[in-house]
$ cat data27.txt   # compact mmCIF, C-alpha atoms
# COMPACT_ATOMS: atom_id res chain seq x y z
CA MET O 1443 18.76 -19.19 -10.11
CA ARG O 1444 22.34 -19.60 -11.37
CA ALA O 1445 22.66 -17.51 -14.50
CA VAL O 1446 22.83 -13.71 -14.48
CA GLU O 1447 19.50 -12.22 -15.53
CA HIS O 1448 18.81 -8.98 -17.37
CA VAL O 1449 15.81 -6.82 -16.49
CA ALA O 1450 15.32 -4.31 -19.29
CA GLY O 1451 12.66 -2.43 -17.41
CA HIS O 1452 11.06 0.93 -16.84
CA THR O 1453 11.09 3.31 -13.92
CA TRP O 1454 8.36 5.85 -13.31
CA HIS O 1455 8.41 8.73 -10.82
CA GLY O 1456 5.41 10.87 -9.97
CA ARG O 1457 5.68 13.84 -7.59
CA LYS O 1458 2.61 14.89 -5.63
CA GLY O 1459 1.68 18.15 -3.91
CA ALA O 1460 1.77 21.78 -5.05
CA VAL O 1461 4.49 21.19 -7.67
CA ARG O 1462 3.53 18.10 -9.65
CA HIS O 1463 6.04 16.38 -11.85
CA GLY O 1464 6.49 13.01 -13.50
CA PHE O 1465 8.73 11.08 -15.86
CA ARG O 1466 9.26 7.56 -17.20
CA TYR O 1467 12.51 6.07 -18.50
CA GLY O 1468 13.88 2.76 -19.66
CA VAL O 1469 16.53 1.31 -17.36
CA ASP O 1470 18.74 -1.77 -17.19
CA TYR O 1471 19.06 -3.88 -14.05
CA LEU O 1472 20.82 -7.18 -13.44
CA LEU O 1473 19.62 -9.89 -11.07
CA LEU O 1474 22.02 -12.54 -9.83
CA ASP O 1475 22.85 -14.84 -6.97
CA ALA O 1476 25.28 -12.61 -5.05
CA GLU O 1477 26.94 -15.58 -3.35
CA ALA O 1478 27.55 -17.70 -6.44
CA GLU O 1479 31.28 -17.69 -7.15
CA ALA O 1480 31.10 -17.90 -10.95
CA PRO O 1481 27.54 -17.66 -12.26
CA PRO O 1482 27.18 -18.51 -15.98
CA ALA O 1483 27.47 -15.25 -17.90
CA PRO O 1484 28.20 -14.03 -21.45
CA ARG O 1485 31.68 -12.91 -22.47
CA LEU O 1486 30.78 -9.21 -22.54
CA PHE O 1487 29.85 -9.32 -18.84
CA SER O 1488 32.32 -9.41 -15.97
CA ARG O 1489 31.75 -10.18 -12.31
CA ASN O 1490 34.25 -8.24 -10.21
CA GLY O 1491 36.32 -7.46 -13.26
CA ARG O 1492 36.38 -5.39 -16.41
CA GLY O 1493 33.83 -5.81 -19.15
CA LEU O 1494 31.50 -3.87 -21.37
CA MET O 1495 28.94 -4.54 -18.62
CA SER O 1496 29.95 -5.56 -15.11
CA LEU O 1497 28.87 -5.87 -11.49
CA ARG O 1498 31.38 -5.46 -8.67
CA ASP O 1499 31.04 -6.28 -4.99
CA ARG O 1500 32.83 -3.08 -3.99
CA ASP O 1501 29.89 -1.04 -5.35
CA HIS O 1502 27.42 -2.66 -2.95
CA GLY O 1503 27.12 -3.62 0.69
CA GLY O 1504 28.75 -0.74 2.54
CA THR O 1505 30.33 2.57 1.56
CA PRO O 1506 30.16 3.16 -2.23
CA GLY O 1507 33.42 2.01 -3.78
CA GLU O 1508 34.40 0.18 -0.58
CA GLY O 1509 31.59 -2.34 -0.31
CA HIS O 1510 31.81 -6.00 0.66
CA GLY O 1511 28.92 -7.43 -1.35
CA SER O 1512 26.90 -10.29 0.08
CA ARG O 1513 29.32 -10.71 3.01
CA TRP O 1514 28.03 -7.35 4.29
CA VAL O 1515 24.44 -8.61 3.99
CA ARG O 1516 25.19 -11.68 6.09
CA GLU O 1517 26.87 -9.48 8.71
CA VAL O 1518 23.83 -7.18 8.85
CA LEU O 1519 21.51 -10.16 9.33
CA ASP O 1520 23.78 -11.75 11.96
CA ARG O 1521 23.97 -8.55 14.00
CA ARG O 1522 20.18 -8.50 14.14
CA GLY O 1523 19.82 -12.18 14.92
CA ILE O 1524 18.04 -12.89 11.63
CA GLY O 1525 18.69 -16.46 10.62
CA LEU O 1526 17.71 -16.52 6.94
CA SER O 1527 19.75 -19.22 5.25
CA GLY O 1528 18.41 -19.09 1.68
CA LYS O 1529 19.85 -17.28 -1.31
CA VAL O 1530 20.79 -13.63 -1.35
CA LEU O 1531 20.03 -12.08 -4.74
CA LEU O 1532 21.23 -8.67 -5.85
CA LEU O 1533 19.10 -6.49 -8.14
CA ALA O 1534 21.21 -3.56 -9.31
CA GLN O 1535 22.12 -1.42 -12.28
CA PRO O 1536 25.39 -2.67 -13.79
CA ARG O 1537 28.53 -0.78 -14.55
CA MET O 1538 28.65 0.23 -18.20
CA LEU O 1539 32.12 0.91 -19.59
CA GLY O 1540 33.38 0.99 -16.01
CA HIS O 1541 31.02 3.63 -14.57
CA ALA O 1542 28.76 2.86 -11.61
CA PHE O 1543 25.88 4.75 -10.00
CA ASN O 1544 22.84 3.13 -8.42
CA PRO O 1545 20.14 5.40 -6.96
CA VAL O 1546 18.66 2.26 -5.41
CA SER O 1547 19.68 -1.40 -5.43
CA PHE O 1548 17.92 -4.27 -3.70
CA TRP O 1549 19.26 -7.22 -1.73
CA LEU O 1550 16.59 -9.95 -1.87
CA CYS O 1551 17.00 -12.36 1.04
CA HIS O 1552 15.27 -15.75 1.08
CA ASP O 1553 14.57 -18.50 3.60
CA GLU O 1554 15.67 -22.11 3.11
CA ALA O 1555 12.46 -22.76 1.13
CA GLU O 1556 13.58 -19.99 -1.28
CA ARG O 1557 10.77 -17.63 -0.27
CA LEU O 1558 11.48 -13.89 -0.23
CA CYS O 1559 11.37 -12.80 3.42
CA LEU O 1560 13.51 -9.67 3.66
CA VAL O 1561 14.73 -6.88 1.40
CA ILE O 1562 17.52 -4.38 1.94
CA ALA O 1563 16.92 -1.29 -0.18
CA GLU O 1564 20.35 0.28 -0.68
CA VAL O 1565 19.84 3.97 -1.48
CA THR O 1566 22.65 6.21 -2.78
CA ASN O 1567 22.33 9.91 -3.50
CA THR O 1568 24.27 11.99 -6.01
CA TYR O 1569 26.52 13.34 -3.21
CA GLY O 1570 27.91 9.86 -2.57
CA ASP O 1571 25.97 9.27 0.66
CA ARG O 1572 24.35 5.88 1.23
CA HIS O 1573 21.80 4.46 3.62
CA SER O 1574 20.12 1.06 3.55
CA TYR O 1575 16.55 0.31 4.64
CA LEU O 1576 15.93 -3.19 5.97
CA VAL O 1577 12.28 -4.12 5.40
CA HIS O 1578 10.45 -7.28 6.46
CA HIS O 1579 7.51 -8.52 8.48
CA ASP O 1580 8.09 -8.68 12.24
CA ASP O 1581 7.80 -12.47 12.15
CA LEU O 1582 9.88 -12.80 8.95
CA ARG O 1583 7.02 -14.47 7.11
CA PRO O 1584 7.30 -14.46 3.29
CA ILE O 1585 6.70 -11.15 1.52
CA ARG O 1586 3.68 -11.38 -0.77
CA PRO O 1587 3.07 -9.12 -3.78
CA GLU O 1588 0.23 -7.29 -2.00
CA ASP O 1589 2.16 -6.69 1.24
CA GLU O 1590 3.18 -3.14 2.16
CA LEU O 1591 6.30 -2.64 4.26
CA GLU O 1592 7.32 0.68 5.77
CA ALA O 1593 10.54 2.44 6.77
CA ARG O 1594 11.29 5.93 8.07
CA LYS O 1595 13.19 8.15 5.65
CA LEU O 1596 16.66 9.05 6.96
CA LEU O 1597 18.76 9.88 3.89
CA HIS O 1598 18.63 13.10 1.88
CA VAL O 1599 17.93 12.01 -1.68
CA SER O 1600 16.38 14.87 -3.66
CA PRO O 1601 17.15 18.54 -2.91
CA PHE O 1602 13.47 19.17 -3.57
CA GLN O 1603 12.21 16.84 -0.83
CA PRO O 1604 12.80 17.08 2.94
CA VAL O 1605 14.21 14.33 5.14
CA GLU O 1606 10.94 13.54 6.87
CA GLY O 1607 8.11 11.05 6.59
CA GLY O 1608 8.70 7.53 5.40
CA TYR O 1609 8.61 4.97 2.63
CA ARG O 1610 6.08 2.30 1.83
CA PHE O 1611 7.51 -0.58 -0.22
CA ARG O 1612 5.79 -3.29 -2.23
CA PHE O 1613 7.65 -6.15 -3.93
CA ASP O 1614 6.39 -8.55 -6.58
CA ILE O 1615 9.37 -10.70 -7.57
CA GLY O 1616 8.01 -13.36 -9.90
CA GLU O 1617 9.77 -16.02 -11.92
CA ASP O 1618 9.37 -14.02 -15.14
CA ARG O 1619 8.88 -10.42 -14.04
CA ILE O 1620 9.76 -8.04 -11.23
CA GLY O 1621 7.70 -5.19 -9.87
CA ILE O 1622 8.76 -2.80 -7.12
CA TRP O 1623 6.67 0.13 -5.89
CA ILE O 1624 7.95 2.78 -3.46
CA ASP O 1625 5.71 5.50 -2.06
CA TYR O 1626 7.37 8.38 -0.26
CA LEU O 1627 4.84 9.57 2.32
CA ARG O 1628 4.89 12.94 4.07
CA ALA O 1629 2.36 15.41 5.43
CA GLU O 1630 2.35 17.47 2.24
CA GLY O 1631 3.30 16.07 -1.14
CA GLY O 1632 5.46 13.01 -1.52
CA LEU O 1633 6.01 10.87 -4.58
CA THR O 1634 5.66 7.40 -6.07
CA ALA O 1635 8.48 5.52 -7.79
CA THR O 1636 8.19 2.20 -9.60
CA LEU O 1637 10.49 -0.33 -11.25
CA THR O 1638 8.99 -2.99 -13.50
CA GLY O 1639 10.41 -5.32 -16.10
CA THR O 1640 10.77 -8.82 -17.50
CA ARG O 1641 13.44 -11.24 -16.31
CA ARG O 1642 15.51 -12.81 -19.08
CA PRO O 1643 18.94 -14.45 -19.19
CA LEU O 1644 21.72 -11.95 -19.81
CA THR O 1645 23.29 -12.50 -23.24
CA ASN O 1646 25.88 -10.75 -25.38
CA GLY O 1647 23.01 -9.62 -27.59
CA SER O 1648 21.06 -8.08 -24.71
CA ILE O 1649 24.21 -6.27 -23.52
CA LEU O 1650 24.78 -4.78 -26.97
CA ARG O 1651 21.12 -3.79 -27.30
CA ALA O 1652 21.28 -2.06 -23.90
CA CYS O 1653 24.36 -0.12 -25.04
CA LEU O 1654 22.55 1.02 -28.19
CA ARG O 1655 19.21 1.86 -26.55
CA ARG O 1656 20.61 3.45 -23.39
CA PRO O 1657 24.15 4.55 -24.24
CA LEU O 1658 26.53 5.46 -21.40
CA GLY O 1659 24.52 3.39 -18.90
CA THR O 1660 24.57 4.92 -15.42
CA ARG O 1661 26.19 8.10 -16.75
CA ARG O 1662 22.89 8.58 -18.57
CA VAL O 1663 21.04 7.97 -15.28
CA LEU O 1664 23.02 10.73 -13.57
CA ALA O 1665 22.42 13.12 -16.46
CA LEU O 1666 18.67 12.44 -16.36
CA ILE O 1667 18.56 13.02 -12.59
CA HIS O 1668 20.12 16.46 -13.05
CA TRP O 1669 17.83 17.23 -15.98
CA GLN O 1670 14.74 16.45 -13.89
CA ALA O 1671 16.15 18.57 -11.05
CA LEU O 1672 16.47 21.50 -13.45
CA ARG O 1673 12.87 21.02 -14.55
CA LEU O 1674 11.69 20.98 -10.94
CA TRP O 1675 13.62 24.15 -10.15
CA TRP O 1676 12.06 25.80 -13.21
CA LYS O 1677 8.60 24.83 -11.97
CA GLY O 1678 9.29 26.54 -8.66
CA ALA O 1679 10.04 23.60 -6.36
CA ARG O 1680 11.84 24.64 -3.18
CA PHE O 1681 15.54 23.76 -3.09
CA ARG O 1682 16.83 22.30 0.19
CA PRO O 1683 20.53 22.19 1.08
CA ARG O 1684 22.13 18.85 1.80
CA PRO O 1685 21.98 17.86 5.49
CA GLU O 1686 24.45 15.56 7.19
CA ALA O 1687 24.08 11.91 6.22
CA PRO O 1688 22.79 9.59 8.99
CA GLU O 1689 25.50 8.01 11.12
CA GLN O 1690 23.84 4.61 11.09
CA GLU O 1691 24.40 2.54 7.97
CA VAL O 1692 21.20 0.50 8.12
CA SER O 1693 17.77 1.16 9.61
$ encode --input "data27.txt" --output "structure tokens"
Amino acid sequence: MRAVEHVAGHTWHGRKGAVRHGFRYGVDYLLLDAEAEAPPAPRLFSRNGRGLMSLRDRDHGGTPGEGHGSRWVREVLDRRGIGLSGKVLLLAQPRMLGHAFNPVSFWLCHDEAERLCLVIAEVTNTYGDRHSYLVHHDDLRPIRPEDELEARKLLHVSPFQPVEGGYRFRFDIGEDRIGIWIDYLRAEGGLTATLTGTRRPLTNGSILRACLRRPLGTRRVLALIHWQALRLWWKGARFRPRPEAPEQEVS
């Protein structure tokens, strides 16, 4: 791919256990070749600059606001002796009017035959902590839509869930649509989160429609997170204080 793509999708979260809770929202993601210097894009979008909608390297690949983009991904792979030489795509929510917040972004790493073989799920909580989960098969074979990949949970995300158990990921990244399923597994309770949507070229029209349908962009995402937290508290979910963030950046 060369052009920036727009995924006007939906996310669904369903909490399991004694306090059940669920919600579904529309959300805007962008998908682009993170190593392309100047991918074709509409005038209202900016790559590493100012625009009505933008994506900046400093928001991804390292500490929020101090990231290094795809260079960080290559460094992570090199340190682990992983020799994937295909494209590195970034799937992330864009800045809208300059504001950025991504609960989870995905680095999609391919082999030289352009097959998806590894994903880095970059998770950021509302406290500004970040941890990235590197998921792949032990032999780095291509990830199929039915494959389930697991990682141990290390980062505090919701004050109503403990830092225990693990995640089970499933990725279906097709030419026209994307589907990502994340199950948080623990002894009691847990939850399921999904992201699904259609891939289309980003246009000035799609940017303006996103601004009208989901005004304030990621500011809206933050507001909805706090609204759902209030609803959970009202239902009687146990509040857990924030623990220290993990020292390691990637697991």
$ closest_residue --input "data27.txt" --among "O:Cys1551, O:Thr1566, O:Ser1600, O:Leu1539" --to "Ser1512 of chain O" --atoms "all atoms listed in the file"
O:Cys1551
$ residues_around --input "data27.txt" --residues "segment 1465-1471 of chain O" --least-positions-apart "5" --cutoff "7 Å" --atoms "only C-alpha atoms" --output "mmCIF file with C-alpha atoms, keeping the file's coordinate frame"
data_model
loop_
_atom_site.group_PDB
_atom_site.id
_atom_site.type_symbol
_atom_site.label_atom_id
_atom_site.label_comp_id
_atom_site.auth_asym_id
_atom_site.auth_seq_id
_atom_site.Cartn_x
_atom_site.Cartn_y
_atom_site.Cartn_z
ATOM 1 C CA HIS O 1448 18.810 -8.980 -17.370
ATOM 2 C CA VAL O 1449 15.810 -6.820 -16.490
ATOM 3 C CA ALA O 1450 15.320 -4.310 -19.290
ATOM 4 C CA GLY O 1451 12.660 -2.430 -17.410
ATOM 5 C CA HIS O 1452 11.060 0.930 -16.840
ATOM 6 C CA THR O 1453 11.090 3.310 -13.920
ATOM 7 C CA TRP O 1454 8.360 5.850 -13.310
ATOM 8 C CA HIS O 1455 8.410 8.730 -10.820
ATOM 9 C CA GLY O 1456 5.410 10.870 -9.970
ATOM 10 C CA LEU O 1533 19.100 -6.490 -8.140
ATOM 11 C CA ALA O 1534 21.210 -3.560 -9.310
ATOM 12 C CA GLN O 1535 22.120 -1.420 -12.280
ATOM 13 C CA PRO O 1536 25.390 -2.670 -13.790
#
$ atom_distance --input "data27.txt" --atom1 "atom CA of Thr1505 of chain O" --atom2 "atom CA of Arg1572 of chain O"
6.8 Å
$ axis_aligned_box --input "data27.txt" --around "segment 1607-1617 of chain O" --padding-each-side "3 Å" --output "AutoDock Vina command-line options"
--center_x 7.8 --center_y -2.5 --center_z -2.7 --size_x 10.0 --size_y 33.1 --size_z 24.5
$ atom_distance --input "data27.txt" --atom1 "atom CA of Asp1625 of chain O" --atom2 "atom CA of Tyr1609 of chain O"
5.5 Å
$ closest_residue --input "data27.txt" --among "O:Arg1661, O:Leu1597, O:Glu1447, O:Asp1520" --to "Glu1617 of chain O" --atoms "only C-alpha atoms"
O:Glu1447
$ residues_around --input "data27.txt" --residues "Asn1567 of chain O" --least-positions-apart "4" --cutoff "7 Å" --atoms "all atoms listed in the file" --output "MDAnalysis selection string"
chainID O and resid 1545 1571:1572 1599
$ write_last_selection --input "data27.txt" --atoms "C-alpha atoms" --output "mmCIF file, in the frame of the given file"
data_model
loop_
_atom_site.group_PDB
_atom_site.id
_atom_site.type_symbol
_atom_site.label_atom_id
_atom_site.label_comp_id
_atom_site.auth_asym_id
_atom_site.auth_seq_id
_atom_site.Cartn_x
_atom_site.Cartn_y
_atom_site.Cartn_z
ATOM 1 C CA PRO O 1545 20.140 5.400 -6.960
ATOM 2 C CA ASP O 1571 25.970 9.270 0.660
ATOM 3 C CA ARG O 1572 24.350 5.880 1.230
ATOM 4 C CA VAL O 1599 17.930 12.010 -1.680
#
$ residues_around --input "data27.txt" --residues "Leu1494 of chain O" --least-positions-apart "6" --cutoff "8 Å" --atoms "only C-alpha atoms" --output "VMD selection string"
chain O and resid 1486 to 1488 1538 to 1540 1649
$ atom_distance --input "data27.txt" --atom1 "atom CA of Arg1485 of chain O" --atom2 "atom CA of Gly1647 of chain O"
10.6 Å
$ closest_residue --input "data27.txt" --among "O:His1552, O:Arg1619, O:Lys1677, O:His1541" --to "Arg1642 of chain O" --atoms "only C-alpha atoms"
O:Arg1619
$ closest_residue --input "data27.txt" --among "O:Arg1537, O:Arg1656, O:Arg1516, O:Arg1457" --to "Arg1498 of chain O" --atoms "all atoms listed in the file"
O:Arg1537
